[in-house]
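A short worksheet on the structure shown next.
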Amino acid sequence: MRLFVKIAPVFIKKQSIMLRSKVLSLVARSGSIRLMSTGTKLTTVDVNDKTGIATLTMNRPPVNGLNLELLQDLKSSIDEIEGNKSRGLILTSSSSTIFSAGLDILEMYKADKDRIRAFWTQLQETWLALYGSSVPTAAAINGHSPAGGCLLATSCEYRVMVPKFTIGLNETQLGIVAPKWFMASFLSVLPQREAERALNQGRMFTTEEALKVGLIDETATNKEEAIEKCTAFITTFAKVNPLARSLTKQQFRAADLQQLENERKDDLEKFLFFVNQPAVQKGLGIYLEGLKKKAKKQ
Amino acid sequence: MRLFVKIAPVFIKKQSIMLRSKVLSLVARSGSIRLMSTGTKLTTVDVNDKTGIATLTMNRPPVNGLNLELLQDLKSSIDEIEGNKSRGLILTSSSSTIFSAGLDILEMYKADKDRIRAFWTQLQETWLALYGSSVPTAAAINGHSPAGGCLLATSCEYRVMVPKFTIGLNETQLGIVAPKWFMASFLSVLPQREAERALNQGRMFTTEEALKVGLIDETATNKEEAIEKCTAFITTFAKVNPLARSLTKQQFRAADLQQLENERKDDLEKFLFFVNQPAVQKGLGIYLEGLKKKAKKQ
Amino acid sequence: MRLFVKIAPVFIKKQSIMLRSKVLSLVARSGSIRLMSTGTKLTTVDVNDKTGIATLTMNRPPVNGLNLELLQDLKSSIDEIEGNKSRGLILTSSSSTIFSAGLDILEMYKADKDRIRAFWTQLQETWLALYGSSVPTAAAINGHSPAGGCLLATSCEYRVMVPKFTIGLNETQLGIVAPKWFMASFLSVLPQREAERALNQGRMFTTEEALKVGLIDETATNKEEAIEKCTAFITTFAKVNPLARSLTKQQFRAADLQQLENERKDDLEKFLFFVNQPAVQKGLGIYLEGLKKKAKKQ
């Protein structure tokens with residue numbers, strides 16, 4: 001991948017400004033972003049010696065709620081995998097029932113002004129890194145995967161899911177609007193008719209429904225088999241030139257990535273405006289109460 | 001929906017100029033557009049007390065030919081439904097064999113200069129209102145649905161069709177080009193390969209073919225069942241926040257809507273140029289003669 | 001089609017600049033492009049007297065490698081078919097095992113500076129002519145169809161393929177990046193998820209796999225049957241107005257065509273930069289050696 005970084009600025013002009021800016025931003029932002037090494041508390045990276053494929057595990061119990069710190073750790077783990085010459089990235093969860101429950105509501109409910117800005121900005125960064133990753137990516141979905149969890153899964157190139165769980169962008173059910181780049185990830189996987197309808201409904205798909213509609217690619221009986229199947233997918237690139245592959249992938253994803261790059265500020269302001277609506281705050285509060293009651297019962 | 005109108009101008013910026021301009025235009029144009037109340041001769045609006053869903057029935061015998069007045073009535077009925085807090089809109093026909101036969105040929109054949117401009121401009125308005133509607137929309141297609149009839153059906157979010165009828169954009173069969181926004185409605189439903197081929201061929205699909213390819217979502221044995229199934233679809237939004245839903249839908253449709261907004265004048269001139277070609281006028285004349293002979297026989 | 005050329009400059013404005021520029025370019029470039037009549041050595045055009053459909057046969061043994069001359073002959077044959085009022089174009093091969101093996105490696109390996117520029121420029125011209133052709137197009141794929149062969153096939157509106165062959169854009173397997181317009185042809189046929197994955201993998205599909213995924217539309221037991229089925233497809237346009245048809249097709253393809261028109265220079269420079277990378281030249285050399293050894297054995 002080093003070659004990629006070297007030559008990218010030279011020959012990719014207008015069409016992939018994104019690529020170049022991404023490379024530059026990796027340098028420019030390194031001061032302001034918390035770079036963490038393997039084995040932080042919230043994510044782990046294990047590279048398989050045989051296959052050369054890295055497994056990136058989210059580990060923020062109980063539900064891998066995406067808060068600022070988990071998003072930072074995810075981003076730095078993705079960067080690490082991009083840098084360590086791994087042959088691919090498999091995203092999974094340390095939980096046996098939840099892949100990721102999505103954005104941590106506590107980051108949005110009665111939030112500190114600066115913290116919530118950092119939180120959303122980091123979500124953008126993490127998506128740009130995962131959706132635009134130059135290495136092959138696959139998600140071993142070993143638990144429920146609503147909202148932000150589904151965003152992470154659909155930002156990968158391949159999805160293998162364990163039965164009896166659900167996946168979907170259910171934002172409208174919570175009174176929230178999934179931003180354009182959530183929609184872009186979803187549209188990279190589903191046809192427009194299915195994608196629009198599911199987002200409008202805030203529909204959660206069972207593993208079987210997700211397979212039927214194409215939201216996931218395969219099912220697996222458990223996490224180990226899911227990782228095996230993800231490994232098999234990444235192995236289809238064994239004879240492929242990595243630079244040619246990553247530039248081909250970029251060509252498909254450049255427009256989506258560029259769109260968010262162009263609208264990052266607007267996207268942040270839109271989120272802040274929306275989340276701070278009294279009705280939305282009220283809804284989040286009720287939702288949190290429900291979660292607490294549920295937690296007590298268990 | 002009132003909330004929607006209120007906050008839209010504030011937080012939706014570039015990405016959804018369409019939305020804002022739509023709101024403004026509703027105000028600005030109210031003087032020049034004929035606003036009709038429920039129960040005009042050409043459309044009726046019935047709100048179901050139980051479900052809160054409005055059924056919008058086209059009622060211009062014998063074939064619901066889309067002339068200026070029917071298009072005006074459609075537009076004002078859609079506006080009415082947007083305004084009366086209905087939970088959804090089901091579009092159907094009072095005829096037992098025709099959903100809508102499409103654009104009224106008499107509006108295009110040897111047409112008055114001002115009238116034909118008003119006609120096409122109204123068609124644009126009506127499409128913008130239906131395709132961009134903030135309430136859930138479904139079509140209960142209880143009869144043939146060629147050309148403009150298919151445009152109306154594919155502008156809705158869901159389609160249920162009664163057997164033994166046909167649906168499609170058959171413009172090329174009449175020597176006409178379906179404009180870009182007809183294509184956009186079609187592409188919101190079908191994959192590109194199917195959409196391009198069907199439009200090139202001017203293909204009419206039987207109910208069964210339409211179901212197979214995805215042009216419709218379900219079949220129903222009769223109009224009542226079609227309306228029931230449309231109601232069931234709209235009911236999937238019962239637990240969804242209406243504002244979040246409508247903004248999500250807009251996000252999917254904004255580009256198509258914006259494109260027509262940007263090109264309305266060009267689109268009108270293109271239509272006028274094309275329809276006034278001697279060859280097209282001759283074709284429309286022959287077509288009309290055929291219709292008259294057919295009518296006499298019956 | 002003459003009518004088409006006459007009226008196009010008048011009423012097609014911004015949206016289809018491509019069309020107009022295409023018409024103009026046909027005039028402007030006629031001095032610099034080698035115009036060849038039917039029956040050059042590398043392509044033949046046979047118009048069926050009964051159907052009025054032209055069969056365009058690639059005839060550059062042994063593998064229809066796309067070199068400058070074959071691309072020039074293809075372009076002038078397409079122009080000839082556009083001009084001779086044929087009712088359609090069926091693209092096929094004189095070989096019994098290869099449709100086209102794609103770009104001739106000899107044009108890219110240790111290439112003359114001027115020749116390689118002319119080669120790529122001609123590839124662009126030929127694609128613009130085929131993908132944007134105003135007549136109905138179909139490919140009778142009677143042999144293997146990798147890379148540039150697949151590009152030609154997916155630039156047609158319909159594909160019928162003989163069993164036991166393979167088709168796909170396998171550029172990444174050779175360390176090359178299929179440019180954006182290859183991707184556009186592919187995306188006009190396959191959904192995004194399938195298209196991106198296949199291009200990333202450089203996947204070659206068997207006839208059966210290609211049918212299943214939609215990369216081809218039908219199979220045929222041999223070349224004759226493939227041509228019959230292509231003829232049947234083109235005959236679906238029998239009752240369609242040719243001008244309306246061609247403008248409808250353009251509306252679907254204008255954005256892709258315009259994009260290459262806008263980026264032709266950049267696209268050429270990108271190709272030259274990439275192909276001249278030492279690693280790519282080395283790869284091409286090894287590939288050529290393999291071909292030579294294989295040829296000796298046979």
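By order in the structure tokens, chains are A, B, ...; within a chain, residues start at 1; ligands start at 1, following the order shown.
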
**OP:** With a distance threshold of 8 Å and counting only C-alpha atoms, extract the residues of chain A near chain C and express them as a PyMOL selection string.
**Re:** chain A and resi 11-13+157+188-191+236-237+239-249+251-252

**OP:** Pick out the residues sitting within 8 Å of Leu71 of chain A, and hand them over as a list in words; count only C-alpha atoms, and ignore anything fewer than 6 positions along from it in its own chain.
**Re:** Gln122, Leu123 and Thr126 of chain A

**OP:** Determine, counting only C-alpha atoms, which protein, DNA and RNA residues have an atom within 12 Å of an atom of Lys41 of chain A; residues of the same chain fewer than 4 positions away are not included. Present the result as a PyMOL selection string.
**Re:** chain A and resi 36-37+45+57-61+64+69-70+72-74+77+94

Original post:
From the set B:Leu257, B:Leu89, B:Leu211, B:Ile81, which residue has the shortest atom-to-atom contact distance to Thr235 of chain B, counting only C-alpha atoms?
Top reply: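 Between B:Leu257, B:Leu89, B:Leu211, B:Ile81, the residue approaching Thr235 of chain B most closely is B:Leu89.
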
Subject >> One-decimal distance in Å that lies between atom CA of Leu291 of chain C and atom CA of Leu130 of chain C >> reply: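 A separation of 28.9 Å between them.
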
Identify all residues of segment 143-181 of chain A in alpha helix (DSSP H) (DSSP on the backbone) and supply them as a PDB file with N, CA, C and O atoms, in the first residue's frame.
```pdb
ATOM      1  N   GLY A 148     -26.032   2.847  13.539  1.00  0.00           N
ATOM      2  CA  GLY A 148     -24.592   2.973  13.314  1.00  0.00           C
ATOM      3  C   GLY A 148     -23.888   1.631  13.135  1.00  0.00           C
ATOM      4  O   GLY A 148     -22.876   1.542  12.447  1.00  0.00           O
ATOM      5  N   GLY A 149     -24.434   0.577  13.768  1.00  0.00           N
ATOM      6  CA  GLY A 149     -23.861  -0.766  13.573  1.00  0.00           C
ATOM      7  C   GLY A 149     -24.033  -1.209  12.132  1.00  0.00           C
ATOM      8  O   GLY A 149     -23.113  -1.772  11.525  1.00  0.00           O
ATOM      9  N   CYS A 150     -25.205  -0.930  11.587  1.00  0.00           N
ATOM     10  CA  CYS A 150     -25.472  -1.256  10.190  1.00  0.00           C
ATOM     11  C   CYS A 150     -24.620  -0.389   9.262  1.00  0.00           C
ATOM     12  O   CYS A 150     -24.137  -0.853   8.231  1.00  0.00           O
ATOM     13  N   LEU A 151     -24.408   0.865   9.660  1.00  0.00           N
ATOM     14  CA  LEU A 151     -23.541   1.746   8.861  1.00  0.00           C
ATOM     15  C   LEU A 151     -22.149   1.135   8.725  1.00  0.00           C
ATOM     16  O   LEU A 151     -21.587   1.075   7.627  1.00  0.00           O
ATOM     17  N   LEU A 152     -21.587   0.677   9.845  1.00  0.00           N
ATOM     18  CA  LEU A 152     -20.251   0.067   9.800  1.00  0.00           C
ATOM     19  C   LEU A 152     -20.268  -1.166   8.891  1.00  0.00           C
ATOM     20  O   LEU A 152     -19.377  -1.357   8.062  1.00  0.00           O
ATOM     21  N   ALA A 153     -21.296  -2.004   9.055  1.00  0.00           N
ATOM     22  CA  ALA A 153     -21.357  -3.251   8.281  1.00  0.00           C
ATOM     23  C   ALA A 153     -21.486  -2.970   6.783  1.00  0.00           C
ATOM     24  O   ALA A 153     -20.831  -3.621   5.961  1.00  0.00           O
ATOM     25  N   THR A 154     -22.327  -1.989   6.411  1.00  0.00           N
ATOM     26  CA  THR A 154     -22.527  -1.713   4.983  1.00  0.00           C
ATOM     27  C   THR A 154     -21.381  -0.885   4.392  1.00  0.00           C
ATOM     28  O   THR A 154     -21.335  -0.680   3.183  1.00  0.00           O
ATOM     29  N   SER A 155     -20.487  -0.410   5.225  1.00  0.00           N
ATOM     30  CA  SER A 155     -19.307   0.283   4.706  1.00  0.00           C
ATOM     31  C   SER A 155     -18.221  -0.704   4.303  1.00  0.00           C
ATOM     32  O   SER A 155     -17.269  -0.336   3.619  1.00  0.00           O
ATOM     33  N   LYS A 180     -26.895  11.635   4.539  1.00  0.00           N
ATOM     34  CA  LYS A 180     -26.673  11.203   3.168  1.00  0.00           C
ATOM     35  C   LYS A 180     -25.627  10.112   3.026  1.00  0.00           C
ATOM     36  O   LYS A 180     -25.720   9.259   2.168  1.00  0.00           O
ATOM     37  N   TRP A 181     -24.592  10.150   3.870  1.00  0.00           N
ATOM     38  CA  TRP A 181     -23.523   9.161   3.699  1.00  0.00           C
ATOM     39  C   TRP A 181     -23.931   7.819   4.280  1.00  0.00           C
ATOM     40  O   TRP A 181     -23.416   6.786   3.842  1.00  0.00           O
TER      41      TRP A 181
END
```

Original post:
DSSP on the backbone: what in segment 157-205 of chain B comes out strand (DSSP E or B), as JSON, numbers by chain?
Top reply: {"B": [159, 160, 161, 166, 167, 168, 205]}

**OP:** Could you give me, as number ranges by chain, the residues within 9 Å of Lys110 of chain A, counting only C-alpha atoms and dropping anything in the same chain fewer than 2 positions from it?
**Re:** A: 106-108, 112, 276, 281, 285

Selected residues written out, all heavy atoms, as a PDB file, in the first residue's frame:
```
ATOM      1  N   LEU A 106     -26.000   8.505  24.826  1.00  0.00           N
ATOM      2  CA  LEU A 106     -25.468   9.437  25.832  1.00  0.00           C
ATOM      3  C   LEU A 106     -24.623  10.541  25.198  1.00  0.00           C
ATOM      4  O   LEU A 106     -24.439  11.603  25.796  1.00  0.00           O
ATOM      5  CB  LEU A 106     -24.643   8.672  26.872  1.00  0.00           C
ATOM      6  CG  LEU A 106     -25.490   7.783  27.787  1.00  0.00           C
ATOM      7  CD1 LEU A 106     -24.591   6.911  28.662  1.00  0.00           C
ATOM      8  CD2 LEU A 106     -26.418   8.637  28.660  1.00  0.00           C
ATOM      9  N   GLU A 107     -24.094  10.286  23.989  1.00  0.00           N
ATOM     10  CA  GLU A 107     -23.334  11.340  23.302  1.00  0.00           C
ATOM     11  C   GLU A 107     -24.265  12.389  22.704  1.00  0.00           C
ATOM     12  O   GLU A 107     -23.817  13.471  22.316  1.00  0.00           O
ATOM     13  CB  GLU A 107     -22.484  10.735  22.163  1.00  0.00           C
ATOM     14  CG  GLU A 107     -21.364   9.823  22.618  1.00  0.00           C
ATOM     15  CD  GLU A 107     -20.174  10.587  23.201  1.00  0.00           C
ATOM     16  OE1 GLU A 107     -20.320  11.757  23.579  1.00  0.00           O
ATOM     17  OE2 GLU A 107     -19.083   9.980  23.272  1.00  0.00           O
ATOM     18  N   MET A 108     -25.571  12.075  22.628  1.00  0.00           N
ATOM     19  CA  MET A 108     -26.502  12.985  21.959  1.00  0.00           C
ATOM     20  C   MET A 108     -27.511  13.605  22.910  1.00  0.00           C
ATOM     21  O   MET A 108     -28.079  14.638  22.632  1.00  0.00           O
ATOM     22  CB  MET A 108     -27.227  12.220  20.844  1.00  0.00           C
ATOM     23  CG  MET A 108     -26.260  11.657  19.802  1.00  0.00           C
ATOM     24  SD  MET A 108     -27.102  10.900  18.403  1.00  0.00           S
ATOM     25  CE  MET A 108     -27.519   9.291  19.095  1.00  0.00           C
ATOM     26  N   ASP A 112     -22.663  17.844  26.019  1.00  0.00           N
ATOM     27  CA  ASP A 112     -21.741  18.967  26.075  1.00  0.00           C
ATOM     28  C   ASP A 112     -21.481  19.450  24.651  1.00  0.00           C
ATOM     29  O   ASP A 112     -21.291  18.660  23.732  1.00  0.00           O
ATOM     30  CB  ASP A 112     -20.425  18.516  26.718  1.00  0.00           C
ATOM     31  CG  ASP A 112     -19.364  19.581  26.636  1.00  0.00           C
ATOM     32  OD1 ASP A 112     -19.407  20.545  27.432  1.00  0.00           O
ATOM     33  OD2 ASP A 112     -18.492  19.468  25.742  1.00  0.00           O
ATOM     34  N   ASN A 276     -30.761  18.681  18.528  1.00  0.00           N
ATOM     35  CA  ASN A 276     -31.121  19.591  19.606  1.00  0.00           C
ATOM     36  C   ASN A 276     -32.578  20.043  19.583  1.00  0.00           C
ATOM     37  O   ASN A 276     -32.998  20.836  20.423  1.00  0.00           O
ATOM     38  CB  ASN A 276     -30.189  20.816  19.595  1.00  0.00           C
ATOM     39  CG  ASN A 276     -28.809  20.449  20.104  1.00  0.00           C
ATOM     40  OD1 ASN A 276     -28.679  19.641  21.026  1.00  0.00           O
ATOM     41  ND2 ASN A 276     -27.771  21.002  19.481  1.00  0.00           N
ATOM     42  N   GLN A 281     -34.794  15.517  21.586  1.00  0.00           N
ATOM     43  CA  GLN A 281     -34.217  15.330  22.922  1.00  0.00           C
ATOM     44  C   GLN A 281     -35.176  14.544  23.818  1.00  0.00           C
ATOM     45  O   GLN A 281     -34.769  13.640  24.539  1.00  0.00           O
ATOM     46  CB  GLN A 281     -33.880  16.688  23.559  1.00  0.00           C
ATOM     47  CG  GLN A 281     -32.601  17.320  23.017  1.00  0.00           C
ATOM     48  CD  GLN A 281     -31.347  16.531  23.404  1.00  0.00           C
ATOM     49  OE1 GLN A 281     -31.151  16.178  24.559  1.00  0.00           O
ATOM     50  NE2 GLN A 281     -30.491  16.223  22.432  1.00  0.00           N
ATOM     51  N   GLY A 285     -34.603  10.901  25.520  1.00  0.00           N
ATOM     52  CA  GLY A 285     -34.764  10.705  26.950  1.00  0.00           C
ATOM     53  C   GLY A 285     -35.653   9.511  27.263  1.00  0.00           C
ATOM     54  O   GLY A 285     -35.316   8.670  28.116  1.00  0.00           O
TER      55      GLY A 285
END
```

**OP:** Work out how far apart atom CA of Glu209 of chain A and atom CA of Ala138 of chain A are and give it in Å to one decimal.
**Re:** 19.3 Å

**OP:** Work out how far apart atom CA of Lys294 of chain A and atom CA of Ser100 of chain A are and give it in Å to one decimal.
**Re:**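 These two atoms are separated by 17.6 Å.
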
Subject >> Distance query Val160 of chain B at most 10 Å, only C-alpha atoms, self and fewer than 6 positions along chain excluded, as a count of residues only >> reply: 24

Original post:
Can you tell me, as a list in words, what residues are no more than 12 Å from Thr231 of chain B when counting only C-alpha atoms, ignoring any on the same chain fewer than 6 positions away?
Top reply: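 Within the cut-off, the hits are Val47, Asn48, Lys50, Thr51, Gly52, Ile53, Ala54, Thr55, Arg87, Gly88, Leu89, Ile90, Leu91, Pro136, Thr137, Ala138, Ala139, Ala140, Tyr158, Arg159, Val160, Glu224, Glu225, Phe237 and Ala238 of chain B.
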